[in-house]
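Enquirer: Enclosed is the structure file work.txt (compact mmCIF, C-alpha atoms and all ligand atoms).
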```
# COMPACT_ATOMS: atom_id res chain seq x y z
CA MET E 1 -8.48 -4.24 -15.93
CA LYS E 2 -6.15 -1.43 -14.92
CA ILE E 3 -5.68 -1.17 -11.16
CA LEU E 4 -4.28 1.52 -8.88
CA VAL E 5 -3.03 0.55 -5.42
CA ILE E 6 -2.47 3.48 -3.04
CA GLY E 7 0.36 3.33 -0.50
CA SER E 8 4.03 2.52 -0.19
CA GLY E 9 4.60 -0.14 2.45
CA GLY E 10 4.93 -3.88 2.84
CA ARG E 11 1.17 -4.16 2.97
CA GLU E 12 0.82 -2.54 -0.45
CA HIS E 13 3.61 -4.72 -1.85
CA ALA E 14 1.67 -7.79 -0.67
CA ILE E 15 -1.57 -6.46 -2.18
CA VAL E 16 0.07 -5.72 -5.53
CA TRP E 17 1.84 -9.10 -5.53
CA LYS E 18 -1.43 -10.97 -4.93
CA LEU E 19 -3.41 -8.88 -7.43
CA LYS E 20 -0.83 -9.75 -10.08
CA GLU E 21 -2.12 -13.34 -9.94
CA SER E 22 -5.59 -12.28 -11.09
CA PRO E 23 -6.20 -13.10 -14.76
CA GLN E 24 -8.42 -10.00 -14.95
CA VAL E 25 -5.56 -7.62 -14.20
CA SER E 26 -3.75 -6.18 -17.20
CA LYS E 27 -1.72 -3.48 -15.47
CA ILE E 28 -1.07 -2.29 -11.91
CA TYR E 29 0.03 1.16 -10.83
CA CYS E 30 1.06 2.01 -7.29
CA ALA E 31 1.14 5.49 -5.76
CA PRO E 32 3.72 6.18 -4.53
CA GLY E 33 5.07 2.59 -4.12
CA ASN E 34 8.63 1.57 -3.26
CA ALA E 35 11.61 -0.18 -4.87
CA GLY E 36 10.13 -3.68 -4.48
CA ILE E 37 6.71 -2.69 -5.78
CA GLY E 38 8.48 -1.01 -8.72
CA GLU E 39 9.71 -4.44 -9.86
CA ILE E 40 6.15 -5.71 -10.40
CA ALA E 41 4.08 -2.56 -10.96
CA GLU E 42 4.49 0.97 -12.26
CA CYS E 43 5.11 3.42 -9.42
CA ILE E 44 3.52 6.85 -9.72
CA ASN E 45 4.87 9.72 -7.69
CA ILE E 46 1.65 10.85 -5.99
CA LYS E 47 1.27 10.86 -2.21
CA ALA E 48 -1.30 8.57 -0.58
CA ASP E 49 -3.36 11.46 0.85
CA ASP E 50 -3.28 13.62 -2.29
CA VAL E 51 -6.88 12.90 -3.20
CA LYS E 52 -7.01 15.44 -6.04
CA GLY E 53 -3.79 14.15 -7.60
CA LEU E 54 -4.94 10.53 -7.35
CA LEU E 55 -8.34 11.35 -8.80
CA LYS E 56 -6.76 13.11 -11.76
CA PHE E 57 -4.41 10.19 -12.36
CA VAL E 58 -7.26 7.67 -12.26
CA LYS E 59 -9.28 9.68 -14.78
CA ASP E 60 -6.36 10.45 -17.10
CA SER E 61 -5.15 6.83 -17.09
CA ASP E 62 -8.56 5.13 -17.30
CA ILE E 63 -8.06 3.13 -14.11
CA ASP E 64 -10.86 0.60 -13.62
CA PHE E 65 -10.47 -0.06 -9.90
CA THR E 66 -8.57 1.52 -7.00
CA VAL E 67 -7.45 -0.16 -3.77
CA VAL E 68 -6.63 2.01 -0.75
CA GLY E 69 -3.83 0.78 1.52
CA PRO E 70 -3.28 3.38 4.26
CA GLU E 71 -5.66 5.12 6.65
CA VAL E 72 -4.50 8.64 5.73
CA ALA E 73 -6.20 8.38 2.34
CA LEU E 74 -9.44 7.19 3.98
CA GLU E 75 -9.41 10.02 6.48
CA ALA E 76 -8.83 12.42 3.60
CA GLY E 77 -12.12 11.18 2.13
CA ILE E 78 -10.81 9.50 -0.99
CA VAL E 79 -13.60 6.92 -1.12
CA ASP E 80 -16.34 9.58 -0.87
CA GLU E 81 -14.70 11.57 -3.65
CA PHE E 82 -14.33 8.53 -5.93
CA ASN E 83 -17.91 7.37 -5.20
CA ASN E 84 -19.23 10.83 -6.06
CA GLN E 85 -17.47 10.65 -9.40
CA GLY E 86 -18.69 7.12 -10.15
CA LEU E 87 -15.20 5.60 -9.81
CA LYS E 88 -14.76 2.13 -8.33
CA ILE E 89 -12.72 1.86 -5.14
CA PHE E 90 -12.12 -0.54 -2.21
CA GLY E 91 -12.44 0.97 1.26
CA PRO E 92 -14.84 2.80 3.60
CA GLN E 93 -16.07 6.36 3.24
CA LYS E 94 -14.67 8.96 5.61
CA ASN E 95 -17.46 8.80 8.19
CA ALA E 96 -17.22 5.02 8.42
CA ALA E 97 -13.42 5.23 8.62
CA ARG E 98 -13.86 7.14 11.91
CA LEU E 99 -13.82 3.70 13.52
CA GLU E 100 -10.08 4.09 13.05
CA HIS E 101 -9.32 7.79 12.79
CA SER E 102 -11.29 8.79 15.86
CA LYS E 103 -10.70 6.58 18.88
CA ILE E 104 -13.43 8.54 20.69
CA PHE E 105 -15.94 7.81 17.92
CA ALA E 106 -14.99 4.13 18.03
CA LYS E 107 -15.20 3.84 21.81
CA ASP E 108 -18.52 5.68 22.05
CA PHE E 109 -19.92 3.57 19.20
CA MET E 110 -18.85 0.34 20.93
CA LYS E 111 -20.36 1.49 24.21
CA ARG E 112 -23.68 2.39 22.54
CA HIS E 113 -23.92 -1.04 20.99
CA ASN E 114 -22.44 -3.23 23.71
CA VAL E 115 -19.42 -4.29 21.68
CA PRO E 116 -16.91 -5.66 24.22
CA THR E 117 -14.01 -3.27 24.81
CA ALA E 118 -11.96 -1.83 27.69
CA GLY E 119 -13.68 0.68 30.00
CA TYR E 120 -12.70 4.29 29.24
CA ARG E 121 -13.23 8.04 29.61
CA ASN E 122 -12.73 10.78 27.00
CA PHE E 123 -11.05 14.09 27.78
CA SER E 124 -10.25 17.21 25.79
CA SER E 125 -7.24 19.47 26.27
CA THR E 126 -9.41 22.00 28.12
CA GLN E 127 -10.15 19.52 30.90
CA SER E 128 -6.84 19.41 32.74
CA LYS E 129 -8.50 19.54 36.16
CA GLU E 130 -10.85 16.63 35.36
CA VAL E 131 -7.95 14.60 33.93
CA SER E 132 -5.85 15.13 37.07
CA GLU E 133 -8.68 14.02 39.31
CA TYR E 134 -9.32 11.01 37.16
CA LEU E 135 -5.66 9.98 37.11
CA GLU E 136 -5.49 10.33 40.89
CA SER E 137 -8.38 7.94 41.42
CA SER E 138 -7.46 5.41 38.67
CA LYS E 139 -6.06 1.92 38.92
CA TYR E 140 -2.73 1.29 37.18
CA PRO E 141 -1.46 0.43 34.64
CA LEU E 142 -3.78 2.37 32.38
CA VAL E 143 -3.66 3.30 28.72
CA ILE E 144 -3.69 6.80 27.22
CA LYS E 145 -4.56 7.18 23.54
CA ALA E 146 -4.55 10.19 21.25
CA ASP E 147 -7.94 10.48 19.55
CA GLY E 148 -6.61 10.89 16.01
CA LEU E 149 -4.22 9.06 13.69
CA ALA E 150 -0.65 8.83 14.94
CA ALA E 151 0.92 6.14 12.72
CA GLY E 152 0.38 3.41 15.29
CA LYS E 153 2.32 5.34 17.93
CA GLY E 154 -0.45 7.30 19.66
CA VAL E 155 -0.85 4.83 22.52
CA VAL E 156 1.02 5.03 25.82
CA ILE E 157 0.76 2.44 28.57
CA CYS E 158 1.37 4.12 31.93
CA ALA E 159 2.54 2.07 34.91
CA ASN E 160 1.65 4.69 37.54
CA GLU E 161 0.13 8.10 38.11
CA LYS E 162 3.44 9.92 37.61
CA GLU E 163 3.86 8.46 34.14
CA ALA E 164 0.24 9.19 33.29
CA VAL E 165 0.51 12.84 34.35
CA LYS E 166 3.69 13.21 32.28
CA THR E 167 2.03 11.58 29.25
CA VAL E 168 -1.05 13.77 29.38
CA LYS E 169 1.19 16.82 29.68
CA GLU E 170 3.21 15.75 26.64
CA ILE E 171 0.08 15.21 24.58
CA PHE E 172 -1.86 18.31 25.61
CA GLU E 173 0.91 20.82 26.27
CA THR E 174 3.94 19.74 24.22
CA GLY E 175 1.69 18.41 21.46
CA VAL E 176 3.70 15.26 20.71
CA PHE E 177 0.88 13.88 18.56
CA GLY E 178 -0.08 17.22 17.01
CA ARG E 179 -3.75 17.68 16.16
CA ALA E 180 -4.34 13.94 16.73
CA GLY E 181 -3.81 14.61 20.45
CA SER E 182 -6.22 17.47 21.12
CA ASN E 183 -8.56 14.87 22.61
CA ILE E 184 -7.61 11.68 24.41
CA VAL E 185 -9.13 8.42 25.56
CA ILE E 186 -7.99 7.02 28.90
CA GLU E 187 -8.68 3.36 29.03
CA GLU E 188 -8.48 0.35 31.30
CA PHE E 189 -5.43 -1.87 30.70
CA LEU E 190 -6.32 -5.30 29.38
CA GLU E 191 -3.71 -7.94 29.92
CA SER E 192 -3.72 -10.97 27.68
CA GLU E 193 -2.89 -12.04 24.15
CA GLU E 194 -3.65 -10.03 21.02
CA VAL E 195 -4.93 -11.26 17.68
CA SER E 196 -5.83 -9.47 14.45
CA ILE E 197 -8.88 -10.46 12.46
CA PHE E 198 -9.74 -8.93 9.09
CA ALA E 199 -13.35 -8.91 7.93
CA ILE E 200 -13.93 -7.92 4.32
CA CYS E 201 -17.25 -6.11 4.39
CA ASP E 202 -19.73 -4.85 1.84
CA GLY E 203 -21.88 -2.69 4.10
CA GLU E 204 -24.07 -5.56 5.35
CA ASP E 205 -22.34 -8.83 4.75
CA TYR E 206 -18.74 -9.94 5.29
CA ILE E 207 -16.18 -12.71 5.05
CA VAL E 208 -13.39 -13.35 7.55
CA LEU E 209 -9.78 -13.91 6.49
CA PRO E 210 -7.41 -16.17 8.47
CA ALA E 211 -6.42 -14.68 11.82
CA SER E 212 -2.91 -13.37 12.37
CA GLN E 213 -0.78 -11.98 15.15
CA ASP E 214 1.40 -8.91 15.09
CA HIS E 215 4.37 -8.11 17.39
CA LYS E 216 3.96 -4.48 18.39
CA LYS E 217 6.96 -3.77 20.56
CA ILE E 218 10.47 -3.03 19.37
CA GLY E 219 12.11 -5.55 21.73
CA GLU E 220 11.95 -9.31 22.15
CA GLY E 221 9.35 -10.63 24.58
CA GLU E 222 7.15 -7.56 23.89
CA THR E 223 9.43 -5.05 25.59
CA GLY E 224 10.30 -1.43 24.82
CA LYS E 225 8.43 1.07 22.68
CA ASN E 226 5.39 0.48 20.53
CA THR E 227 6.10 0.35 16.81
CA GLY E 228 4.00 0.02 13.67
CA GLY E 229 4.61 -3.76 14.02
CA MET E 230 7.80 -5.86 13.95
CA GLY E 231 6.52 -9.08 12.43
CA SER E 232 3.51 -11.30 11.96
CA PHE E 233 2.36 -14.81 11.26
CA ALA E 234 -0.76 -16.52 9.95
CA PRO E 235 -2.89 -18.48 10.40
CA ALA E 236 -2.89 -17.85 14.16
CA ASN E 237 -4.63 -21.14 14.87
CA LYS E 238 -3.53 -21.51 18.47
CA ILE E 239 -5.39 -18.41 19.67
CA ALA E 240 -8.03 -18.09 16.93
CA THR E 241 -10.02 -21.24 17.55
CA PRO E 242 -13.31 -21.74 15.67
CA GLU E 243 -15.10 -20.82 18.95
CA LEU E 244 -13.22 -17.53 19.14
CA ILE E 245 -14.01 -16.67 15.52
CA GLU E 246 -17.68 -17.36 16.17
CA LYS E 247 -17.67 -15.02 19.19
CA VAL E 248 -15.91 -12.32 17.17
CA LYS E 249 -18.53 -12.58 14.44
CA GLN E 250 -21.50 -12.47 16.79
CA ARG E 251 -20.29 -10.01 19.40
CA ILE E 252 -18.18 -7.70 17.26
CA ILE E 253 -18.34 -7.82 13.47
CA GLU E 254 -22.09 -8.29 13.07
CA PRO E 255 -23.20 -5.61 15.56
CA VAL E 256 -20.63 -3.22 14.10
CA LEU E 257 -21.86 -3.65 10.52
CA ARG E 258 -25.53 -3.55 11.51
CA ASN E 259 -25.23 -0.44 13.66
CA MET E 260 -22.83 1.42 11.41
CA LYS E 261 -25.39 1.00 8.66
CA SER E 262 -28.36 2.01 10.81
CA GLU E 263 -26.48 5.13 11.92
CA GLY E 264 -25.84 6.06 8.30
CA ASN E 265 -22.19 5.06 8.19
CA GLU E 266 -22.34 1.87 6.15
CA PHE E 267 -18.98 0.10 6.37
CA LYS E 268 -17.32 -1.25 3.24
CA GLY E 269 -13.72 -2.45 2.96
CA CYS E 270 -11.49 -4.19 5.46
CA LEU E 271 -12.58 -4.01 9.09
CA TYR E 272 -9.47 -4.86 11.07
CA CYS E 273 -10.41 -6.04 14.55
CA GLY E 274 -7.45 -5.70 16.92
CA LEU E 275 -8.53 -7.93 19.78
CA MET E 276 -7.41 -8.93 23.23
CA VAL E 277 -8.53 -12.45 24.15
CA ASP E 278 -8.91 -12.97 27.88
CA LYS E 279 -8.24 -16.16 29.85
CA SER E 280 -11.76 -17.45 29.40
CA GLY E 281 -11.48 -17.01 25.64
CA ASP E 282 -13.60 -13.86 25.32
CA PRO E 283 -12.55 -11.20 22.79
CA TYR E 284 -12.32 -7.47 23.59
CA VAL E 285 -11.70 -4.78 21.00
CA ILE E 286 -8.39 -2.97 21.52
CA GLU E 287 -8.76 -1.03 18.29
CA PHE E 288 -10.46 -1.03 14.95
CA ASN E 289 -8.59 -0.18 11.81
CA THR E 290 -10.48 0.44 8.63
CA ARG E 291 -7.90 -1.01 6.25
CA PHE E 292 -5.57 -3.97 6.08
CA GLY E 293 -3.03 -4.25 8.89
CA ASP E 294 0.67 -3.90 8.36
CA PRO E 295 2.58 -6.26 8.81
CA GLU E 296 -0.26 -8.80 9.21
CA THR E 297 -1.31 -8.51 5.55
CA GLN E 298 2.11 -9.78 4.47
CA ALA E 299 1.36 -13.10 6.23
CA VAL E 300 -2.39 -13.26 5.51
CA LEU E 301 -2.79 -12.44 1.81
CA PRO E 302 -0.35 -15.14 0.63
CA LEU E 303 -2.85 -17.65 2.10
CA VAL E 304 -5.63 -16.50 -0.23
CA SER E 305 -5.87 -18.63 -3.34
CA SER E 306 -9.09 -17.17 -4.79
CA ASP E 307 -9.04 -14.00 -6.91
CA LEU E 308 -8.22 -10.99 -4.70
CA LEU E 309 -9.52 -8.49 -7.22
CA ASP E 310 -12.91 -10.23 -7.20
CA MET E 311 -12.92 -9.94 -3.39
CA PHE E 312 -12.30 -6.18 -3.58
CA ILE E 313 -14.93 -5.70 -6.27
CA ALA E 314 -17.47 -7.76 -4.30
CA SER E 315 -16.85 -5.56 -1.26
CA ALA E 316 -17.29 -2.34 -3.21
CA GLU E 317 -20.41 -3.60 -5.03
CA GLY E 318 -22.23 -5.08 -2.03
CA LYS E 319 -21.81 -8.68 -3.16
CA ILE E 320 -19.35 -10.19 -0.70
CA GLY E 321 -21.89 -12.91 0.16
CA SER E 322 -21.40 -14.47 -3.25
CA TYR E 323 -17.58 -14.36 -3.15
CA LYS E 324 -16.04 -17.80 -2.71
CA LEU E 325 -12.99 -17.39 -0.50
CA GLU E 326 -10.40 -20.09 -1.10
CA LEU E 327 -7.35 -20.57 1.10
CA SER E 328 -4.19 -22.64 0.95
CA ASN E 329 -3.09 -24.84 3.87
CA ASP E 330 0.25 -23.05 4.16
CA PHE E 331 1.83 -21.14 7.06
CA TYR E 332 3.56 -17.77 6.77
CA CYS E 333 5.83 -15.88 9.10
CA SER E 334 6.92 -12.34 8.21
CA VAL E 335 9.89 -10.76 9.99
CA VAL E 336 10.43 -7.00 9.74
CA LEU E 337 13.99 -5.91 9.04
CA ALA E 338 14.15 -2.40 10.48
CA SER E 339 16.73 0.38 10.64
CA LYS E 340 18.49 0.33 14.02
CA GLY E 341 17.05 3.11 16.18
CA TYR E 342 13.46 2.76 14.92
CA PRO E 343 10.88 3.82 16.19
CA ASP E 344 12.97 6.85 17.22
CA LYS E 345 15.90 8.18 15.18
CA TYR E 346 17.55 6.04 12.54
CA LYS E 347 19.69 6.36 9.43
CA THR E 348 18.48 5.55 5.93
CA GLY E 349 20.09 5.36 2.50
CA ARG E 350 21.90 2.11 3.38
CA GLU E 351 22.44 -0.26 0.46
CA ILE E 352 20.53 -3.55 0.77
CA LYS E 353 22.39 -6.65 -0.38
CA GLY E 354 21.41 -10.28 -0.80
CA LEU E 355 17.91 -9.75 -2.18
CA ASP E 356 18.87 -11.93 -5.16
CA LYS E 357 20.01 -14.77 -2.89
CA ILE E 358 16.83 -15.58 -0.96
CA THR E 359 15.49 -19.12 -0.94
CA LYS E 360 12.51 -20.17 -3.05
CA ASP E 361 10.11 -20.54 -0.11
CA CYS E 362 10.63 -16.89 0.88
CA ILE E 363 8.93 -13.73 -0.36
CA VAL E 364 10.42 -10.36 0.48
CA PHE E 365 7.91 -7.54 0.65
CA HIS E 366 9.52 -4.12 0.65
CA ALA E 367 8.39 -1.50 3.17
CA GLY E 368 10.83 1.43 3.34
CA THR E 369 13.05 1.07 0.28
CA LYS E 370 13.87 3.13 -2.77
CA LEU E 371 16.12 2.95 -5.78
CA ASP E 372 19.34 4.94 -5.75
CA GLY E 373 20.57 4.53 -9.32
CA SER E 374 20.53 0.77 -9.71
CA LYS E 375 20.94 0.08 -5.96
CA VAL E 376 18.10 -0.69 -3.58
CA VAL E 377 18.57 1.40 -0.42
CA SER E 378 16.67 1.78 2.86
CA SER E 379 14.35 4.77 3.10
CA GLY E 380 12.39 4.19 6.30
CA GLY E 381 12.26 2.70 9.77
CA ARG E 382 10.73 -0.56 8.68
CA VAL E 383 12.66 -1.62 5.60
CA LEU E 384 11.70 -5.16 4.52
CA ASN E 385 9.24 -7.91 5.44
CA VAL E 386 11.03 -11.22 5.05
CA THR E 387 8.23 -13.74 4.72
CA GLY E 388 8.82 -17.48 5.04
CA ARG E 389 6.37 -20.11 3.81
CA SER E 390 5.83 -23.69 4.83
CA ASN E 391 3.24 -26.23 3.74
CA LYS E 392 3.93 -28.20 6.94
CA ASN E 393 3.85 -25.98 10.01
CA LEU E 394 4.50 -22.56 11.50
CA LYS E 395 7.86 -23.60 12.91
CA GLU E 396 9.25 -24.26 9.47
CA ALA E 397 7.86 -20.95 8.17
CA ILE E 398 9.61 -19.14 11.03
CA ASN E 399 12.90 -20.92 10.30
CA THR E 400 12.67 -19.98 6.63
CA ALA E 401 12.00 -16.33 7.46
CA TYR E 402 15.03 -16.19 9.78
CA GLU E 403 17.32 -18.04 7.40
CA ASN E 404 16.56 -15.35 4.82
CA ALA E 405 16.72 -12.50 7.34
CA GLU E 406 20.39 -13.50 7.68
CA ILE E 407 20.97 -13.67 3.92
CA ILE E 408 19.78 -10.09 3.40
CA ASN E 409 22.06 -7.38 4.74
CA PHE E 410 22.31 -3.65 5.23
CA GLU E 411 24.53 -1.71 7.56
CA ASN E 412 22.11 -0.88 10.38
CA LYS E 413 19.79 -3.92 10.10
CA TYR E 414 17.77 -4.69 13.25
CA TYR E 415 15.12 -7.36 13.77
CA ARG E 416 13.39 -9.19 16.58
CA LYS E 417 14.47 -12.82 16.99
CA ASP E 418 11.19 -14.10 18.44
CA ILE E 419 8.61 -13.43 15.73
CA GLY E 420 6.07 -16.25 15.57
CA GLN E 421 7.14 -17.98 18.80
CA LYS E 422 3.84 -17.18 20.51
CA GLY E 423 2.04 -19.14 17.80
CA LEU E 424 3.90 -22.42 18.48
P1 LIG L 1 -3.61 0.66 19.23
O1 LIG L 1 -2.88 1.70 18.43
O2 LIG L 1 -4.90 1.09 19.82
O3 LIG L 1 -3.62 -0.66 18.53
O4 LIG L 1 -2.66 0.29 20.44
C1 LIG L 1 -1.36 -0.15 20.22
C2 LIG L 1 -1.03 -1.26 21.17
O5 LIG L 1 -1.12 -0.81 22.51
C3 LIG L 1 -1.99 -2.42 21.10
O6 LIG L 1 -1.71 -3.29 20.05
C4 LIG L 1 -1.77 -3.06 22.46
O7 LIG L 1 -0.61 -3.83 22.47
C5 LIG L 1 -1.58 -1.86 23.33
N1 LIG L 1 -2.87 -1.49 23.93
C6 LIG L 1 -3.79 -0.63 23.43
N2 LIG L 1 -4.87 -0.55 24.22
C7 LIG L 1 -4.64 -1.37 25.25
C8 LIG L 1 -5.39 -1.73 26.43
N3 LIG L 1 -6.57 -1.20 26.70
N4 LIG L 1 -4.83 -2.63 27.26
C9 LIG L 1 -3.61 -3.16 27.02
N5 LIG L 1 -2.86 -2.86 25.95
C10 LIG L 1 -3.36 -1.97 25.07
N1 LIG L 2 -0.43 -3.97 12.61
C1 LIG L 2 -1.00 -2.81 13.16
C2 LIG L 2 -1.59 -1.88 12.19
O1 LIG L 2 -1.63 -2.13 11.00
O2 LIG L 2 -2.06 -0.85 12.62
```
What does this structure look like when you write it as structure tokens?
Ligand code: AMP
Ligand code: GLY
Expert:
Amino acid sequence: MKILVIGSGGREHAIVWKLKESPQVSKIYCAPGNAGIGEIAECINIKADDVKGLLKFVKDSDIDFTVVGPEVALEAGIVDEFNNQGLKIFGPQKNAARLEHSKIFAKDFMKRHNVPTAGYRNFSSTQSKEVSEYLESSKYPLVIKADGLAAGKGVVICANEKEAVKTVKEIFETGVFGRAGSNIVIEEFLESEEVSIFAICDGEDYIVLPASQDHKKIGEGETGKNTGGMGSFAPANKIATPELIEKVKQRIIEPVLRNMKSEGNEFKGCLYCGLMVDKSGDPYVIEFNTRFGDPETQAVLPLVSSDLLDMFIASAEGKIGSYKLELSNDFYCSVVLASKGYPDKYKTGREIKGLDKITKDCIVFHAGTKLDGSKVVSSGGRVLNVTGRSNKNLKEAINTAYENAEIINFENKYYRKDIGQKGL
């Protein structure tokens, strides 16, 4: 089969890399891809949200199955368009993807169906008086979120009223999040540990992949600004006990699938549950994403030993119940090498050296890289995902990732030194 993977990050590199193992796959294209993906697939210069361009490519090239990486393509309605044309694709339709691209939709949905989540209020940019009153009477810290997609950066945790007032002003008046910020959710601050759980869904049924943990902040010990994610590890066995997984299934995944379907928004694809687990071991939804997480995927997919393409097809065709998920007993830790300055300003175009010297128990997934002649150079804030493997324990996987993070070099390389520690 000929496959198209949409996207250009470390997540898509991991998806392409795993799909390559499927005996059913004859050729993989990736749009637009990156330098690392280009070594194992054919990169096509079409943007991830260019639905018309992607559709034309799929028809012209007789693609048998398409896998959507990023949320922008889902919000643009790519799955609806492909479904209408009888083309096979992995992911939710636009209305179902609102679980991610509208925080207000997601919060109201959870409230309607008693899915555990932080208390909240919605406000629009015309309600400045109501917002002020609310902020005056709130407990702090509290969390302000832009309603729409903001590349993982639309969330601000405010320590006091002054910060909250400033944040609301920036969103509504300065427009820091553009259209995504014309409505906001103000939400109670939940303090505990986060875990990411991916459910692969077919509209009714689902399977759960091994849990993972991301590291959202730029600085060690979860300090500084929020980023798209600075590293991950899986399986996150310490936090994701069998009891927790059972609660997540019963209190979150099952009511979400059942009620999305009954409201006419059947959910297919990857339901990413971003959860906060409180001291008594109860999960609360911090966010839903409607696609694989990045960088969690880079630590989770290597654990899958059954055919990934079959999993995607089963999801799209409503047959996930008959998919036999097989997993290895390994441990993975994935450290993001970023450009110094990320998530604010940073320089790109720096040559990356040492990629040919990594050890055999390490996989490097490329995130923001491109070819400059024959050189691989940085082209984004998050540049590489250096992923260590161990068949013994997480500690060894972490050590392998860091050993290789040292072997690879570029001028403004920055990475957190504590990825995976919370899993030990
Ligand atoms: P989101 O984009 O919704 O995942 O939020 C980004 C990050 O902000 C989350 O991964 C959490 O670390 C933090 N966050 C979001 N909502 C809350 C909340 N209600 N309480 C505490 N932290 C939060
Ligand atoms: N790891 C966070 C995300 O994919 O949104």
Enquirer: If you count all atoms listed in the file, which residues fall within 9 Å of segment 358-362 of chain E, apart from same-chain ones fewer than 3 positions away, as a list in words?
Expert: Gly354, Leu355, Val386, Thr387, Gly388, Arg389, Ser390, Ala397, Thr400, Ala401, Glu403, Asn404, Ala405, Ile407 and Ile408 of chain E
Enquirer: Counting only C-alpha atoms and all ligand atoms, what are the residues, protein, DNA or RNA alike, that approach ligand LIG 1 (chain L) to within 8 Å? I want them as a list in words.
Expert: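 Using only C-alpha atoms and all ligand atoms, I find these residues within 8 Å of ligand LIG 1 (chain L): Thr117, Ala118, Leu142, Val143, Lys145, Gly152, Lys153, Gly154, Val155, Val156, Ile157, Glu187, Glu188, Phe189, Leu190, Glu191, Ser192, Glu194, Lys216, Lys217, Asn226, Gly274, Met276, Ile286, Glu287 and Phe288 of chain E.
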Enquirer: Keeping C-alpha atoms for every residue in the selection just given, could you write it to a file as an mmCIF file, in the frame of the given file?
Expert:
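Written file, selection-v4.cif:
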```
data_model
loop_
_atom_site.group_PDB
_atom_site.id
_atom_site.type_symbol
_atom_site.label_atom_id
_atom_site.label_comp_id
_atom_site.auth_asym_id
_atom_site.auth_seq_id
_atom_site.Cartn_x
_atom_site.Cartn_y
_atom_site.Cartn_z
ATOM 1 C CA THR E 117 -14.010 -3.270 24.810
ATOM 2 C CA ALA E 118 -11.960 -1.830 27.690
ATOM 3 C CA LEU E 142 -3.780 2.370 32.380
ATOM 4 C CA VAL E 143 -3.660 3.300 28.720
ATOM 5 C CA LYS E 145 -4.560 7.180 23.540
ATOM 6 C CA GLY E 152 0.380 3.410 15.290
ATOM 7 C CA LYS E 153 2.320 5.340 17.930
ATOM 8 C CA GLY E 154 -0.450 7.300 19.660
ATOM 9 C CA VAL E 155 -0.850 4.830 22.520
ATOM 10 C CA VAL E 156 1.020 5.030 25.820
ATOM 11 C CA ILE E 157 0.760 2.440 28.570
ATOM 12 C CA GLU E 187 -8.680 3.360 29.030
ATOM 13 C CA GLU E 188 -8.480 0.350 31.300
ATOM 14 C CA PHE E 189 -5.430 -1.870 30.700
ATOM 15 C CA LEU E 190 -6.320 -5.300 29.380
ATOM 16 C CA GLU E 191 -3.710 -7.940 29.920
ATOM 17 C CA SER E 192 -3.720 -10.970 27.680
ATOM 18 C CA GLU E 194 -3.650 -10.030 21.020
ATOM 19 C CA LYS E 216 3.960 -4.480 18.390
ATOM 20 C CA LYS E 217 6.960 -3.770 20.560
ATOM 21 C CA ASN E 226 5.390 0.480 20.530
ATOM 22 C CA GLY E 274 -7.450 -5.700 16.920
ATOM 23 C CA MET E 276 -7.410 -8.930 23.230
ATOM 24 C CA ILE E 286 -8.390 -2.970 21.520
ATOM 25 C CA GLU E 287 -8.760 -1.030 18.290
ATOM 26 C CA PHE E 288 -10.460 -1.030 14.950
#
```
Enquirer: In file coordinates, which residues lie within 10 Å of (-0.2, 3.5, 38.7) using only C-alpha atoms, given as a list in words?
Expert: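 Residues close enough to count: Leu135, Glu136, Ser137, Ser138, Lys139, Tyr140, Pro141, Leu142, Cys158, Ala159, Asn160, Glu161, Lys162, Glu163 and Ala164 of chain E.
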Enquirer: Please write out the residues within 7 Å of ligand LIG 2 (chain L) as an NGL selection string, counting all atoms listed in the file.
Expert: :E and (152 or 214 or 228-229 or 289 or 292-296)
Enquirer: Each residue of segment 71-183 of chain E lying at most 10 Å from segment 312-318 of chain E should get a row with its shortest atom-to-atom pair and the distance in Å to one decimal, counting all atoms listed in the file; could you produce that, ordered by chain and increasing number, as a Markdown table?
Expert:
```
| residue | atom | partner | partner_atom | distance |
| --- | --- | --- | --- | --- |
| E:Asn83 | CA | E:Ala316 | CA | 9.9 |
| E:Lys88 | CA | E:Ala316 | CA | 7.3 |
| E:Ile89 | CA | E:Ala316 | CA | 6.5 |
| E:Phe90 | CA | E:Ala316 | CA | 5.6 |
| E:Gly91 | CA | E:Ala316 | CA | 7.4 |
| E:Pro92 | CA | E:Ala316 | CA | 8.9 |
```
Enquirer: Smallest atom-to-atom distance to Asp372 of chain E: which of E:Val72, E:Asp282, E:Ser128, E:Ala35, using all atoms listed in the file?
Expert: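 Closest to Asp372 of chain E of all the choices is E:Ala35.
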Enquirer: Would you place a box with edges along x, y and z of the file around all atoms of segment 405-417 of chain E listed there, add 6 Å to each of its six sides, and report the centre and edge lengths in Å to one decimal, as JSON?
Expert:
```
{"center_x": 19.0, "center_y": -7.3, "center_z": 10.2, "size_x": 23.1, "size_y": 24.8, "size_z": 25.6}
```
Enquirer: List as a VMD selection string the residues having at least one atom at most 12 Å from position (-22.5, -0.2, 24.8) as given in the file, counting all atoms listed in the file.
Expert: chain E and resid 106 to 120 251 to 252 255 to 256 259
Enquirer: What's the separation between atom CA of Ser196 of chain E and atom CA of Ser212 of chain E, in Å to one decimal place?
Expert: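 Going from atom CA of Ser196 of chain E over to atom CA of Ser212 of chain E, I get 5.3 Å.
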Enquirer: Neighbouring residues of Gly341 of chain E were defined as those with any atom within 10 Å, considering only C-alpha atoms; residues of the same chain fewer than 4 positions away were excluded. Please report them as number ranges by chain.
Expert: E: 218, 345-347, 381, 412-414
